[in-house]
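Participant: Right, I'll just put the structure down here and ask away after.
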Amino acid sequence: MKTAKQVQNDYTKGIILYALLYAAILFASIYAINKFNPNNFVKIFLALMTSLPIGGTILVFLNYIKNADEFIRAQVVEVFVKATGVTFFIATFWGFMENYTAISNIDFYMTYPIFWACFGLMQGIKKVRA
Amino acid sequence: MKQVLKELRTEIGLTQQELGDKLSVSRQAIIALETGKHIPSLDLAYKIAALFKKPIEEIFENPYLP
């Protein structure tokens with residue numbers, strides 16, 4: 001059985017790995033599309049490749065809440081739900097504003113980094129309140 | 001309730017980290033238990049009771065008893 005520290009380390013390493021993978025594939029895909037203007041089949045493939053690391057982060061997160069102790073599990077699940085709520089709020093608010101005002105466009109795929117920014121923010125707020 | 005766990009831990013000379021390791025929980029969980037910020041599950045309460053060889057209700061007060 002893993003210790004609490006090992007569980008935490010696995011989580012940190014996993015999240016960093018998939019976040020770096022996501023960023024690397026995203027920037028490489030954008031560069032490739034701008035540079036070579038590939039056909040739609042290649043673009044779909046690149047879009048899929050960019051999206052796959054998100055599944056990895058979710059698996060890492062699920063593994064974390066499975067192996068973490070009950071206190072940590074309750075904390076991170078609460079933060080995750082709050083971050084999801086704030087992300088939904090931002091997406092709905094911004095989407096509505098885009099449709100009915102002259103506000104600038106935020107690409108839909110930015111939802112993922114926005115979620116993790118919200119997650120970090122919610123975690124920070126929780127720590128300050130503790 | 002919170003003081004009992006801290007007293008029991010210090011009586012046997014364990015740090016929060018050491019107690020956490022024995023119970024397979026994080027140090028944060030021990031801090032939360034000692035400060036009353038986390039109410040343990042029945043499973044964790046049983047583990048703590050077994051470790052200190054005491055009945056659960058000597059460590060965690062039952063708020064439902066009159």
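Simple scheme: letters A, B, ... for chains in structure tokens order, numbers from 1 for residues in each chain, numbers from 1 for ligands in the order shown.
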May I have the residues of chain A within 6 Å of chain B, counting only C-alpha atoms, written as a list in words?
Facilitator: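 Written out as asked, the residues are Ala4, Asp69 and Phe71 of chain A.
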Participant: As a ChimeraX atom specification, list the residues of chain B assigned to helix (DSSP H, G or I) by DSSP on the backbone atoms of this structure.
Facilitator: /B:2-11,16-23,27-34,42-52,56-59
Participant: Output N, CA and C atoms for every residue in that selection, as a short mmCIF file (atom, residue, chain, number, x, y, z; two decimals), in the first residue's frame.
Facilitator:
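File written: again_28.cif
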```cif
data_model
loop_
_atom_site.label_atom_id
_atom_site.label_comp_id
_atom_site.auth_asym_id
_atom_site.auth_seq_id
_atom_site.Cartn_x
_atom_site.Cartn_y
_atom_site.Cartn_z
N LYS B 2 -11.33 16.74 20.02
CA LYS B 2 -10.07 16.95 19.31
C LYS B 2 -8.86 16.80 20.22
N GLN B 3 -9.02 17.24 21.49
CA GLN B 3 -7.90 17.19 22.42
C GLN B 3 -7.50 15.75 22.74
N VAL B 4 -8.48 14.85 22.80
CA VAL B 4 -8.20 13.46 23.18
C VAL B 4 -7.20 12.83 22.22
N LEU B 5 -7.42 12.99 20.94
CA LEU B 5 -6.53 12.38 19.96
C LEU B 5 -5.12 12.95 20.07
N LYS B 6 -5.03 14.24 20.25
CA LYS B 6 -3.72 14.88 20.36
C LYS B 6 -3.00 14.38 21.63
N GLU B 7 -3.76 14.28 22.72
CA GLU B 7 -3.16 13.79 23.97
C GLU B 7 -2.67 12.35 23.83
N LEU B 8 -3.51 11.52 23.21
CA LEU B 8 -3.12 10.11 23.02
C LEU B 8 -1.86 10.01 22.15
N ARG B 9 -1.80 10.83 21.15
CA ARG B 9 -0.65 10.80 20.25
C ARG B 9 0.63 11.22 20.98
N THR B 10 0.52 12.32 21.73
CA THR B 10 1.73 12.82 22.41
C THR B 10 2.15 11.89 23.56
N GLU B 11 1.14 11.22 24.15
CA GLU B 11 1.45 10.26 25.23
C GLU B 11 2.40 9.16 24.76
N GLN B 16 2.75 14.00 14.28
CA GLN B 16 1.56 13.90 13.42
C GLN B 16 1.87 13.06 12.19
N GLN B 17 3.07 13.24 11.65
CA GLN B 17 3.47 12.47 10.46
C GLN B 17 3.55 10.97 10.78
N GLU B 18 4.13 10.66 11.93
CA GLU B 18 4.27 9.24 12.31
C GLU B 18 2.90 8.60 12.54
N LEU B 19 2.00 9.34 13.18
CA LEU B 19 0.65 8.79 13.39
C LEU B 19 -0.04 8.59 12.03
N GLY B 20 0.14 9.58 11.15
CA GLY B 20 -0.43 9.47 9.81
C GLY B 20 0.09 8.23 9.08
N ASP B 21 1.39 7.98 9.19
CA ASP B 21 1.99 6.81 8.54
C ASP B 21 1.40 5.51 9.10
N LYS B 22 1.21 5.48 10.43
CA LYS B 22 0.66 4.26 11.04
C LYS B 22 -0.78 4.02 10.60
N LEU B 23 -1.50 5.10 10.34
CA LEU B 23 -2.91 4.96 9.96
C LEU B 23 -3.11 5.00 8.43
N ARG B 27 -0.50 13.72 6.85
CA ARG B 27 -0.34 14.57 8.03
C ARG B 27 -1.48 15.60 8.10
N GLN B 28 -1.90 16.06 6.91
CA GLN B 28 -3.01 17.02 6.87
C GLN B 28 -4.28 16.42 7.50
N ALA B 29 -4.47 15.12 7.26
CA ALA B 29 -5.66 14.46 7.83
C ALA B 29 -5.56 14.43 9.35
N ILE B 30 -4.36 14.16 9.88
CA ILE B 30 -4.18 14.12 11.34
C ILE B 30 -4.43 15.52 11.94
N ILE B 31 -3.89 16.54 11.27
CA ILE B 31 -4.11 17.92 11.74
C ILE B 31 -5.61 18.22 11.77
N ALA B 32 -6.30 17.84 10.69
CA ALA B 32 -7.74 18.12 10.61
C ALA B 32 -8.52 17.36 11.69
N LEU B 33 -8.08 16.13 11.98
CA LEU B 33 -8.75 15.35 13.03
C LEU B 33 -8.51 15.99 14.40
N GLU B 34 -7.28 16.40 14.63
CA GLU B 34 -6.94 16.96 15.95
C GLU B 34 -7.58 18.33 16.18
N LEU B 42 -16.18 5.78 9.86
CA LEU B 42 -16.20 4.70 10.85
C LEU B 42 -14.94 3.86 10.74
N ASP B 43 -14.51 3.61 9.50
CA ASP B 43 -13.32 2.80 9.26
C ASP B 43 -12.08 3.43 9.90
N LEU B 44 -11.91 4.75 9.67
CA LEU B 44 -10.74 5.42 10.24
C LEU B 44 -10.84 5.49 11.77
N ALA B 45 -12.05 5.72 12.26
CA ALA B 45 -12.25 5.77 13.72
C ALA B 45 -11.88 4.42 14.35
N TYR B 46 -12.26 3.32 13.68
CA TYR B 46 -11.91 1.98 14.17
C TYR B 46 -10.39 1.78 14.17
N LYS B 47 -9.74 2.27 13.10
CA LYS B 47 -8.28 2.14 13.01
C LYS B 47 -7.61 2.88 14.16
N ILE B 48 -8.08 4.09 14.43
CA ILE B 48 -7.50 4.91 15.49
C ILE B 48 -7.73 4.24 16.85
N ALA B 49 -8.96 3.77 17.03
CA ALA B 49 -9.30 3.10 18.29
C ALA B 49 -8.43 1.86 18.50
N ALA B 50 -8.21 1.11 17.43
CA ALA B 50 -7.40 -0.12 17.54
C ALA B 50 -5.94 0.23 17.84
N LEU B 51 -5.46 1.30 17.23
CA LEU B 51 -4.06 1.71 17.45
C LEU B 51 -3.83 2.09 18.91
N PHE B 52 -4.78 2.81 19.47
CA PHE B 52 -4.62 3.26 20.87
C PHE B 52 -5.23 2.27 21.87
N ILE B 56 -13.91 3.44 20.63
CA ILE B 56 -14.05 4.66 19.80
C ILE B 56 -14.57 5.84 20.62
N GLU B 57 -15.55 5.57 21.47
CA GLU B 57 -16.19 6.70 22.18
C GLU B 57 -15.32 7.32 23.26
N GLU B 58 -14.19 6.68 23.55
CA GLU B 58 -13.25 7.34 24.48
C GLU B 58 -12.39 8.35 23.72
N ILE B 59 -12.36 8.20 22.42
CA ILE B 59 -11.54 9.10 21.59
C ILE B 59 -12.42 10.15 20.89
#
```
Participant: Name the residues in contact with Gly14 (chain A) at a cut-off of 9 Å, using only C-alpha atoms, excluding same-chain residues fewer than 6 positions from it; report them as number ranges by chain.
Facilitator: A: 56-57, 60-61
Participant: Keeping only N, CA, C and O atoms, write those residues as an mmCIF file, in the first residue's frame.
Facilitator:
```cif
data_model
loop_
_atom_site.group_PDB
_atom_site.id
_atom_site.type_symbol
_atom_site.label_atom_id
_atom_site.label_comp_id
_atom_site.auth_asym_id
_atom_site.auth_seq_id
_atom_site.Cartn_x
_atom_site.Cartn_y
_atom_site.Cartn_z
ATOM 1 N N GLY A 56 -5.741 11.630 -19.937
ATOM 2 C CA GLY A 56 -4.672 11.227 -19.015
ATOM 3 C C GLY A 56 -4.772 11.957 -17.677
ATOM 4 O O GLY A 56 -4.655 11.338 -16.626
ATOM 5 N N THR A 57 -5.029 13.264 -17.744
ATOM 6 C CA THR A 57 -5.117 14.013 -16.476
ATOM 7 C C THR A 57 -6.320 13.547 -15.651
ATOM 8 O O THR A 57 -6.243 13.468 -14.431
ATOM 9 N N VAL A 60 -5.354 10.330 -13.996
ATOM 10 C CA VAL A 60 -4.452 10.610 -12.862
ATOM 11 C C VAL A 60 -5.268 11.126 -11.664
ATOM 12 O O VAL A 60 -5.072 10.699 -10.529
ATOM 13 N N PHE A 61 -6.214 12.014 -11.958
ATOM 14 C CA PHE A 61 -7.041 12.584 -10.889
ATOM 15 C C PHE A 61 -7.905 11.495 -10.230
ATOM 16 O O PHE A 61 -8.009 11.429 -9.002
#
```
Participant: Report the distance between CA of Phe45 (chain A) and CA of Met110 (chain A) in Å, rounded to one decimal place.
Facilitator: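 Atom-to-atom, CA of Phe45 (chain A) to CA of Met110 (chain A), that is 18.4 Å.
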Participant: Quick one: residues within 9 Å of region 80-95 of chain A, only C-alpha atoms counted, chain neighbours fewer than 6 positions away excluded, as number ranges by chain?
Facilitator: A: 103, 105-106, 108, 111-112, 114-123
Participant: Please produce a file of those selected residues containing N, CA and C atoms, as a tab-separated table (two decimals), in the first residue's frame.
Facilitator:
```tsv
chain	number	residue	atom	x	y	z
A	103	ILE	N	-17.81	41.61	-27.51
A	103	ILE	CA	-16.68	41.07	-26.74
A	103	ILE	C	-15.84	40.12	-27.61
A	105	ASN	N	-13.52	36.98	-28.96
A	105	ASN	CA	-13.73	35.53	-28.91
A	105	ASN	C	-12.65	34.82	-28.09
A	106	ILE	N	-13.10	33.87	-27.27
A	106	ILE	CA	-12.13	32.96	-26.63
A	106	ILE	C	-12.37	31.59	-27.24
A	108	PHE	N	-12.89	27.80	-27.91
A	108	PHE	CA	-13.57	26.81	-27.08
A	108	PHE	C	-12.58	25.87	-26.39
A	111	THR	N	-11.11	26.02	-22.71
A	111	THR	CA	-11.84	25.58	-21.51
A	111	THR	C	-10.94	24.78	-20.57
A	112	TYR	N	-10.10	23.95	-21.18
A	112	TYR	CA	-9.25	23.07	-20.36
A	112	TYR	C	-8.25	23.86	-19.50
A	114	ILE	N	-8.48	26.93	-18.71
A	114	ILE	CA	-9.29	27.78	-17.81
A	114	ILE	C	-9.72	26.96	-16.59
A	115	PHE	N	-10.12	25.69	-16.84
A	115	PHE	CA	-10.53	24.84	-15.72
A	115	PHE	C	-9.39	24.69	-14.70
A	116	TRP	N	-8.18	24.41	-15.20
A	116	TRP	CA	-7.07	24.19	-14.26
A	116	TRP	C	-6.67	25.49	-13.55
A	117	ALA	N	-6.86	26.61	-14.23
A	117	ALA	CA	-6.62	27.90	-13.56
A	117	ALA	C	-7.63	28.08	-12.43
A	118	CYS	N	-8.89	27.72	-12.71
A	118	CYS	CA	-9.95	27.80	-11.68
A	118	CYS	C	-9.64	26.82	-10.54
A	119	PHE	N	-9.14	25.64	-10.90
A	119	PHE	CA	-8.81	24.64	-9.89
A	119	PHE	C	-7.73	25.19	-8.94
A	120	GLY	N	-6.70	25.79	-9.53
A	120	GLY	CA	-5.63	26.38	-8.72
A	120	GLY	C	-6.15	27.50	-7.83
A	121	LEU	N	-7.03	28.31	-8.41
A	121	LEU	CA	-7.60	29.43	-7.65
A	121	LEU	C	-8.44	28.93	-6.47
A	122	MET	N	-9.29	27.93	-6.74
A	122	MET	CA	-10.15	27.38	-5.69
A	122	MET	C	-9.32	26.71	-4.59
A	123	GLN	N	-8.24	26.06	-5.00
A	123	GLN	CA	-7.35	25.42	-4.03
A	123	GLN	C	-6.68	26.47	-3.15
```
Participant: Excluding Ala68 (chain A) and any residue of its chain fewer than 4 positions from it, enumerate the residues within 9 Å of it, using only C-alpha atoms, and give them as an mmCIF file with all heavy atoms, in the first residue's frame.
Facilitator:
```cif
data_model
loop_
_atom_site.group_PDB
_atom_site.id
_atom_site.type_symbol
_atom_site.label_atom_id
_atom_site.label_comp_id
_atom_site.auth_asym_id
_atom_site.auth_seq_id
_atom_site.Cartn_x
_atom_site.Cartn_y
_atom_site.Cartn_z
ATOM 1 N N THR A 3 2.130 5.088 0.593
ATOM 2 C CA THR A 3 1.964 6.069 1.665
ATOM 3 C C THR A 3 1.296 7.316 1.072
ATOM 4 O O THR A 3 1.244 7.489 -0.146
ATOM 5 C CB THR A 3 3.328 6.474 2.255
ATOM 6 O OG1 THR A 3 4.085 7.124 1.229
ATOM 7 C CG2 THR A 3 4.096 5.272 2.775
ATOM 8 N N ALA A 4 0.820 8.184 1.984
ATOM 9 C CA ALA A 4 0.154 9.420 1.546
ATOM 10 C C ALA A 4 1.089 10.258 0.677
ATOM 11 O O ALA A 4 0.655 10.875 -0.301
ATOM 12 C CB ALA A 4 -0.301 10.205 2.763
ATOM 13 N N VAL A 7 1.351 8.759 -2.819
ATOM 14 C CA VAL A 7 0.119 9.048 -3.571
ATOM 15 C C VAL A 7 0.160 10.484 -4.092
ATOM 16 O O VAL A 7 -0.154 10.752 -5.260
ATOM 17 C CB VAL A 7 -1.128 8.827 -2.664
ATOM 18 C CG1 VAL A 7 -2.401 9.313 -3.356
ATOM 19 C CG2 VAL A 7 -1.271 7.357 -2.295
ATOM 20 N N GLN A 8 0.595 11.404 -3.222
ATOM 21 C CA GLN A 8 0.699 12.815 -3.601
ATOM 22 C C GLN A 8 1.732 13.000 -4.725
ATOM 23 O O GLN A 8 1.480 13.733 -5.689
ATOM 24 C CB GLN A 8 1.085 13.644 -2.370
ATOM 25 C CG GLN A 8 1.240 15.140 -2.623
ATOM 26 C CD GLN A 8 -0.075 15.814 -2.974
ATOM 27 O OE1 GLN A 8 -1.087 15.575 -2.328
ATOM 28 N NE2 GLN A 8 -0.083 16.644 -4.010
ATOM 29 N N ASN A 63 -7.297 8.332 -10.118
ATOM 30 C CA ASN A 63 -6.401 7.464 -9.358
ATOM 31 C C ASN A 63 -6.043 8.106 -8.016
ATOM 32 O O ASN A 63 -5.945 7.431 -6.993
ATOM 33 C CB ASN A 63 -5.139 7.214 -10.187
ATOM 34 C CG ASN A 63 -4.462 5.938 -9.799
ATOM 35 O OD1 ASN A 63 -5.123 4.947 -9.489
ATOM 36 N ND2 ASN A 63 -3.148 5.953 -9.776
ATOM 37 N N TYR A 64 -5.868 9.424 -8.060
ATOM 38 C CA TYR A 64 -5.529 10.165 -6.838
ATOM 39 C C TYR A 64 -6.668 10.074 -5.821
ATOM 40 O O TYR A 64 -6.433 9.749 -4.654
ATOM 41 C CB TYR A 64 -5.246 11.621 -7.211
ATOM 42 C CG TYR A 64 -4.834 12.502 -6.061
ATOM 43 C CD1 TYR A 64 -3.791 12.144 -5.214
ATOM 44 C CD2 TYR A 64 -5.456 13.717 -5.832
ATOM 45 C CE1 TYR A 64 -3.398 12.970 -4.169
ATOM 46 C CE2 TYR A 64 -5.065 14.550 -4.798
ATOM 47 C CZ TYR A 64 -4.043 14.170 -3.971
ATOM 48 O OH TYR A 64 -3.656 14.983 -2.945
ATOM 49 N N ILE A 72 -8.134 14.084 2.370
ATOM 50 C CA ILE A 72 -7.620 14.669 1.126
ATOM 51 C C ILE A 72 -8.652 14.507 0.010
ATOM 52 O O ILE A 72 -8.909 15.428 -0.775
ATOM 53 C CB ILE A 72 -6.275 14.002 0.723
ATOM 54 C CG1 ILE A 72 -5.206 14.252 1.798
ATOM 55 C CG2 ILE A 72 -5.800 14.479 -0.651
ATOM 56 C CD1 ILE A 72 -4.743 15.677 1.933
ATOM 57 N N ARG A 73 -9.269 13.315 -0.051
ATOM 58 C CA ARG A 73 -10.271 13.054 -1.084
ATOM 59 C C ARG A 73 -11.414 14.076 -1.006
ATOM 60 O O ARG A 73 -11.822 14.667 -2.006
ATOM 61 C CB ARG A 73 -10.831 11.635 -0.922
ATOM 62 C CG ARG A 73 -11.774 11.217 -2.038
ATOM 63 C CD ARG A 73 -12.304 9.816 -1.807
ATOM 64 N NE ARG A 73 -11.241 8.865 -1.597
ATOM 65 C CZ ARG A 73 -11.130 8.061 -0.539
ATOM 66 N NH1 ARG A 73 -12.059 8.069 0.394
ATOM 67 N NH2 ARG A 73 -10.120 7.232 -0.431
ATOM 68 N N VAL B 25 -2.712 7.597 6.529
ATOM 69 C CA VAL B 25 -3.355 8.847 6.108
ATOM 70 C C VAL B 25 -2.290 9.950 6.114
ATOM 71 O O VAL B 25 -1.205 9.777 6.668
ATOM 72 C CB VAL B 25 -4.552 9.255 7.013
ATOM 73 C CG1 VAL B 25 -5.636 8.203 6.994
ATOM 74 C CG2 VAL B 25 -4.112 9.562 8.435
ATOM 75 N N SER B 26 -2.633 11.075 5.499
ATOM 76 C CA SER B 26 -1.687 12.181 5.404
ATOM 77 C C SER B 26 -1.578 12.938 6.735
ATOM 78 O O SER B 26 -2.456 12.824 7.598
ATOM 79 C CB SER B 26 -2.146 13.142 4.315
ATOM 80 O OG SER B 26 -3.429 13.638 4.645
#
```
Participant: Set the distance at 6 Å and use only C-alpha atoms: which residues neighbour region 15-30 of chain A once local chain neighbours fewer than 6 positions away are removed? I'd like the list as number ranges by chain.
Facilitator: A: 46, 50, 53, 57
Participant: Tell me, in Å to one decimal, how far CA of Leu48 (chain A) is from CA of Ala32 (chain A).
Facilitator: 14.3 Å
Participant: Figure out the distance between CA of Asn40 (chain A) and CA of Asp107 (chain A), please, to one decimal in Å.
Facilitator: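 Result for CA of Asp107 (chain A) versus CA of Asn40 (chain A): 18.6 Å, one decimal.
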